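**Student:** Compact mmCIF, C-alpha atoms, file input36.txt:
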# COMPACT_ATOMS: atom_id res chain seq x y z
CA MET A 1 -90.42 -127.99 77.61
CA THR A 2 -94.06 -128.29 78.57
CA ARG A 3 -96.78 -127.59 76.05
CA ALA A 4 -98.07 -124.86 78.35
CA GLN A 5 -95.00 -122.70 77.69
CA ASN A 6 -96.37 -121.60 74.31
CA LEU A 7 -99.91 -120.50 73.62
CA PHE A 8 -101.14 -120.62 70.03
CA LEU A 9 -104.42 -119.03 68.94
CA VAL A 10 -106.10 -120.43 65.84
CA GLY A 11 -109.38 -119.61 64.17
CA MET A 12 -110.99 -117.86 61.26
CA MET A 13 -110.23 -114.30 60.21
CA GLY A 14 -112.04 -111.92 62.51
CA ALA A 15 -112.29 -114.39 65.39
CA GLY A 16 -110.23 -112.11 67.64
CA LYS A 17 -106.90 -113.97 67.69
CA THR A 18 -104.72 -110.85 67.59
CA THR A 19 -106.81 -108.83 70.05
CA VAL A 20 -107.19 -111.66 72.57
CA GLY A 21 -103.59 -112.77 72.00
CA ARG A 22 -102.19 -109.35 72.89
CA LEU A 23 -104.34 -109.23 76.00
CA LEU A 24 -103.26 -112.73 77.10
CA ALA A 25 -99.60 -111.97 76.45
CA ARG A 26 -99.80 -108.92 78.71
CA ARG A 27 -101.54 -110.83 81.48
CA LEU A 28 -99.18 -113.81 81.21
CA LYS A 29 -96.13 -111.54 80.80
CA ARG A 30 -95.08 -113.28 77.59
CA PRO A 31 -93.93 -111.97 74.23
CA PHE A 32 -96.71 -111.68 71.63
CA TYR A 33 -96.37 -112.54 67.94
CA ASP A 34 -98.86 -112.38 65.08
CA SER A 35 -97.84 -114.57 62.14
CA ASP A 36 -99.51 -112.30 59.56
CA GLN A 37 -97.77 -109.22 60.96
CA GLU A 38 -94.46 -111.10 60.99
CA ILE A 39 -94.89 -112.01 57.31
CA GLU A 40 -95.67 -108.38 56.45
CA ARG A 41 -92.65 -107.20 58.45
CA ARG A 42 -90.32 -109.61 56.66
CA CYS A 43 -91.68 -108.85 53.20
CA GLY A 44 -92.10 -105.12 53.69
CA VAL A 45 -95.59 -105.19 52.13
CA ARG A 46 -99.18 -105.92 53.18
CA ILE A 47 -100.65 -109.40 52.73
CA PRO A 48 -102.87 -108.43 49.76
CA VAL A 49 -99.73 -107.40 47.85
CA ILE A 50 -98.14 -110.79 48.59
CA PHE A 51 -101.31 -112.48 47.28
CA ASP A 52 -101.21 -110.29 44.15
CA ILE A 53 -97.57 -111.11 43.42
CA GLU A 54 -97.18 -114.69 44.66
CA GLY A 55 -100.76 -115.94 44.85
CA GLU A 56 -102.20 -117.84 47.76
CA ALA A 57 -99.67 -120.68 47.33
CA GLY A 58 -96.74 -118.28 47.73
CA PHE A 59 -98.30 -116.70 50.79
CA ARG A 60 -99.03 -120.12 52.35
CA ALA A 61 -95.39 -121.19 51.87
CA ARG A 62 -94.23 -118.06 53.69
CA GLU A 63 -96.83 -118.62 56.40
CA ALA A 64 -95.75 -122.24 56.98
CA GLN A 65 -92.12 -121.14 57.39
CA VAL A 66 -93.03 -118.39 59.84
CA ILE A 67 -95.17 -120.82 61.89
CA VAL A 68 -92.24 -123.25 62.19
CA GLU A 69 -89.85 -120.47 63.26
CA LEU A 70 -92.20 -118.85 65.77
CA ALA A 71 -93.35 -122.17 67.25
CA ALA A 72 -89.70 -122.99 67.93
CA LEU A 73 -89.54 -120.09 70.39
CA GLU A 74 -90.40 -120.69 74.03
CA GLY A 75 -92.85 -118.93 76.30
CA ILE A 76 -94.75 -116.98 73.62
CA VAL A 77 -98.31 -116.17 72.68
CA LEU A 78 -98.86 -116.53 68.91
CA ALA A 79 -101.89 -115.42 66.92
CA THR A 80 -101.84 -117.42 63.69
CA GLY A 81 -103.39 -116.50 60.38
CA GLY A 82 -106.72 -118.13 59.60
CA GLY A 83 -105.20 -120.52 57.07
CA ALA A 84 -102.15 -121.46 59.12
CA VAL A 85 -103.70 -124.86 59.91
CA LEU A 86 -104.08 -125.90 56.27
CA PRO A 87 -100.71 -127.70 55.95
CA GLU A 88 -100.59 -130.86 58.04
CA ASP A 89 -96.98 -130.08 59.03
CA SER A 90 -98.09 -126.74 60.49
CA ARG A 91 -100.88 -128.41 62.47
CA ARG A 92 -98.46 -131.00 63.85
CA CYS A 93 -95.94 -128.29 64.74
CA LEU A 94 -98.48 -126.19 66.62
CA ALA A 95 -99.95 -129.19 68.46
CA ALA A 96 -96.50 -130.41 69.50
CA ARG A 97 -95.04 -127.07 70.59
CA GLY A 98 -97.78 -125.50 72.71
CA THR A 99 -101.31 -125.23 73.94
CA VAL A 100 -103.65 -124.57 71.01
CA VAL A 101 -106.76 -122.45 71.53
CA TYR A 102 -109.43 -122.35 68.83
CA LEU A 103 -111.36 -119.08 68.97
CA HIS A 104 -114.58 -120.23 67.32
CA ALA A 105 -117.08 -117.95 65.65
CA ARG A 106 -119.84 -118.56 63.13
CA PRO A 107 -119.36 -117.24 59.58
CA ALA A 108 -122.23 -114.75 59.93
CA ASP A 109 -120.60 -113.25 63.05
CA LEU A 110 -117.20 -113.17 61.36
CA TRP A 111 -118.69 -111.37 58.37
CA LEU A 112 -120.02 -108.62 60.64
CA ARG A 113 -116.51 -108.16 62.06
CA VAL A 114 -114.51 -108.18 58.80
CA ARG A 115 -116.88 -106.79 56.17
CA HIS A 116 -115.15 -103.38 56.05
CA ASP A 117 -111.57 -104.75 56.24
CA ARG A 118 -109.78 -104.37 52.88
CA ASN A 119 -106.79 -106.41 54.07
CA ARG A 120 -108.61 -109.75 53.46
CA PRO A 121 -107.68 -110.96 49.96
CA LEU A 122 -109.67 -114.19 50.30
CA LEU A 123 -112.85 -112.12 50.68
CA ALA A 124 -112.31 -110.10 47.49
CA THR A 125 -115.15 -112.00 45.80
CA PRO A 126 -118.69 -111.14 44.67
CA ASP A 127 -120.13 -113.00 47.72
CA PRO A 128 -117.71 -112.67 50.67
CA LEU A 129 -120.11 -114.24 53.18
CA GLN A 130 -120.43 -117.35 51.02
CA ARG A 131 -116.62 -117.45 50.78
CA LEU A 132 -116.37 -117.25 54.59
CA GLU A 133 -118.83 -120.14 54.86
CA GLN A 134 -116.72 -122.19 52.42
CA LEU A 135 -113.51 -121.44 54.32
CA TYR A 136 -115.20 -122.31 57.61
CA ALA A 137 -116.40 -125.67 56.26
CA VAL A 138 -112.81 -126.63 55.38
CA ARG A 139 -111.00 -125.10 58.36
CA ASP A 140 -113.30 -125.75 61.33
CA PRO A 141 -112.44 -129.49 61.47
CA LEU A 142 -108.71 -128.67 61.21
CA TYR A 143 -108.87 -126.18 64.07
CA ARG A 144 -110.76 -128.69 66.20
CA GLU A 145 -108.27 -131.45 65.34
CA ILE A 146 -105.43 -129.67 67.15
CA ALA A 147 -107.28 -127.55 69.73
CA ASP A 148 -106.69 -128.14 73.41
CA VAL A 149 -109.38 -125.55 74.14
CA VAL A 150 -112.32 -124.42 71.97
CA LEU A 151 -113.78 -121.09 73.03
CA ASP A 152 -116.88 -119.64 71.37
CA THR A 153 -116.32 -115.94 70.89
CA GLY A 154 -119.94 -114.87 70.43
CA ALA A 155 -120.58 -111.22 71.26
CA GLN A 156 -118.24 -111.09 74.27
CA SER A 157 -115.70 -108.32 74.67
CA ALA A 158 -112.01 -109.13 74.28
CA GLN A 159 -111.58 -108.59 78.03
CA ALA A 160 -114.35 -111.08 78.84
CA LEU A 161 -112.90 -113.61 76.39
CA GLY A 162 -109.43 -113.17 77.84
CA LYS A 163 -110.65 -113.68 81.38
CA GLN A 164 -112.68 -116.77 80.42
CA LEU A 165 -109.76 -118.19 78.46
CA LEU A 166 -107.26 -117.60 81.28
CA ALA A 167 -109.51 -119.55 83.66
CA ARG A 168 -109.79 -122.42 81.17
CA LEU A 169 -106.02 -122.45 80.60
CA GLU A 170 -105.25 -122.46 84.31
CA ASP A 171 -107.48 -125.53 84.71
CA LEU A 172 -105.94 -127.23 81.69
CA TRP A 173 -102.36 -126.51 82.76
CA LYS A 174 -103.06 -127.78 86.31
CA LEU A 175 -104.36 -131.04 84.86
CA SER A 176 -101.31 -131.51 82.64
CA ALA A 177 -98.74 -130.61 85.32
For the file at hand, write its structure as structure tokens.

**Tutor:**
Amino acid sequence: MTRAQNLFLVGMMGAGKTTVGRLLARRLKRPFYDSDQEIERRCGVRIPVIFDIEGEAGFRAREAQVIVELAALEGIVLATGGGAVLPEDSRRCLAARGTVVYLHARPADLWLRVRHDRNRPLLATPDPLQRLEQLYAVRDPLYREIADVVLDTGAQSAQALGKQLLARLEDLWKLSA
């Protein structure tokens, strides 16, 4: 199996992993998975409910298991949850089983995208922007550690990001062939 057979999107909440991932999966004619949606499907409840019942540690254990199972598939596009890179085992799994794309965005831009989303339990704090900045400080180096491609999302449309990313992936996959 070549690393190019799987495509894994990592990045902070609101970076566009699901939107861009769906678009890429269609263009590459590959199955699309979203690890957060898979967890919700398996549990039968939304992520905030899992956080309420099991806490972040319980959610992260479920997330790590789902990452291992989905990364074992072949020829997929996977949008991971923002914290999927926290366990070292998950980072190693993603790096070993596919091409990892880090969709990078600054915390201020992310805040503009997610500020009205009530499905973000980590932002249920008095200062959600500060929380995003704290999460970014911890996670950005982890995303970069495993990324084969880092793509700044900026204010581009999903279509523009998808097109730019496809060109970068084609170049990368040619080099590794």

**Student:** With only C-alpha atoms as the counted atoms, please give the residues lying no more than 10 Å from range 58-61 of chain A, apart from itself and same-chain residues fewer than 5 positions off, as a PyMOL selection string.

**Tutor:** chain A and resi 36+39+47-53+66+81+83-84+86-87

**Student:** Those same residues - C-alpha atoms - I'd like them written as a short mmCIF file (atom, residue, chain, number, x, y, z; two decimals), in the frame of the given file.

**Tutor:**
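The resulting result.cif:
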data_model
loop_
_atom_site.label_atom_id
_atom_site.label_comp_id
_atom_site.auth_asym_id
_atom_site.auth_seq_id
_atom_site.Cartn_x
_atom_site.Cartn_y
_atom_site.Cartn_z
CA ASP A 36 -99.51 -112.30 59.56
CA ILE A 39 -94.89 -112.01 57.31
CA ILE A 47 -100.65 -109.40 52.73
CA PRO A 48 -102.87 -108.43 49.76
CA VAL A 49 -99.73 -107.40 47.85
CA ILE A 50 -98.14 -110.79 48.59
CA PHE A 51 -101.31 -112.48 47.28
CA ASP A 52 -101.21 -110.29 44.15
CA ILE A 53 -97.57 -111.11 43.42
CA VAL A 66 -93.03 -118.39 59.84
CA GLY A 81 -103.39 -116.50 60.38
CA GLY A 83 -105.20 -120.52 57.07
CA ALA A 84 -102.15 -121.46 59.12
CA LEU A 86 -104.08 -125.90 56.27
CA PRO A 87 -100.71 -127.70 55.95
#

**Student:** In Å to one decimal, how far is CA of Arg120 in chain A from CA of Arg42 in chain A?

**Tutor:**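 These atoms are spaced 18.6 Å apart.
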
**Student:** Write out as a ChimeraX atom specification each polymer residue whose atoms come within 9 Å of Arg115 in chain A, counting only C-alpha atoms; drop sequence neighbours fewer than 4 positions from it.

**Tutor:** /A:110-111,123,128-129

**Student:** Go through A:Leu122, A:Val101, A:Leu70, A:Val149 and flag the residue nearest Val20 in chain A, using only C-alpha atoms for the distances.

**Tutor:**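 Counting only C-alpha atoms, the residue closest to Val20 in chain A is A:Val101.
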
**Student:** For range 138-142 of chain A, find every residue with an atom within 10 Å (counting all atoms listed in the file), except residues of its own chain fewer than 4 positions away, and show them as a ChimeraX atom specification.

**Tutor:** /A:10-12,82-88,91,102,104-106,133-134,146-147

**Student:** What does the distance between CA of Ala137 in chain A and CA of Val150 in chain A come to in Å, to one decimal place?

**Tutor:**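 CA of Val150 in chain A lies at a distance of 16.3 Å from CA of Ala137 in chain A.
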
**Student:** Using only C-alpha atoms, which residues sit within 10 Å of Ser157 in chain A once same-chain residues fewer than 4 positions away are excluded, as a list of chain:residue names?

**Tutor:**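 Skipping anything fewer than 4 positions along the chain leaves A:Gly16, A:Val20, A:Thr153, A:Leu161, A:Gly162, A:Lys163.
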
**Student:** For the selection just defined, write its residues with C-alpha atoms to a file, as a short mmCIF file (atom, residue, chain, number, x, y, z; two decimals), in the coordinates of the input.

**Tutor:**
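In the end it all went to out-v7.cif:
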data_model
loop_
_atom_site.label_atom_id
_atom_site.label_comp_id
_atom_site.auth_asym_id
_atom_site.auth_seq_id
_atom_site.Cartn_x
_atom_site.Cartn_y
_atom_site.Cartn_z
CA GLY A 16 -110.23 -112.11 67.64
CA VAL A 20 -107.19 -111.66 72.57
CA THR A 153 -116.32 -115.94 70.89
CA LEU A 161 -112.90 -113.61 76.39
CA GLY A 162 -109.43 -113.17 77.84
CA LYS A 163 -110.65 -113.68 81.38
#

**Student:** Grab the CA of Glu54 in chain A to CA of Glu40 in chain A distance for me, in Å with one decimal place.

**Tutor:** 13.5 Å

**Student:** Which is closer to Asp148 in chain A than all the others in A:Ala108, A:Glu56, A:Leu9, A:Lys29, using only C-alpha atoms?

**Tutor:**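 Of all the options, A:Leu9 lies closest to Asp148 in chain A.
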
**Student:** Measuring between only C-alpha atoms, which one of A:Arg92, A:Thr125, A:Thr99, A:Ala25 shows the shortest distance to Arg168 in chain A?

**Tutor:** A:Thr99

**Student:** From the options A:Leu132, A:Gln156, A:Tyr33, A:Gln164, which residue's atoms come nearest to Val114 in chain A, counting all atoms listed in the file?

**Tutor:**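 Among the listed residues, A:Leu132 lies closest to Val114 in chain A.
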
**Student:** When you count only C-alpha atoms, which of these residues is closest to Ser90 in chain A: A:Thr18, A:Leu165, A:Phe8, A:Leu103?

**Tutor:**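 Using only C-alpha atoms, Ser90 in chain A sits closest to A:Phe8.
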
**Student:** Need the shell around Ala71 in chain A: protein/DNA/RNA residues with any atom at most 9 Å away, counting only C-alpha atoms. Skip same-chain ones fewer than 3 positions apart. Format as a ChimeraX atom specification?

**Tutor:** /A:6,8,66-68,74,76,78,93-94,97-98

**Student:** Restricting the calculation to all atoms listed in the file, which member of A:Leu28, A:Gly75, A:Gly154, A:Ala57 is positioned closest to Leu169 in chain A?

**Tutor:**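 Closest to Leu169 in chain A, using all atoms listed in the file: A:Leu28.
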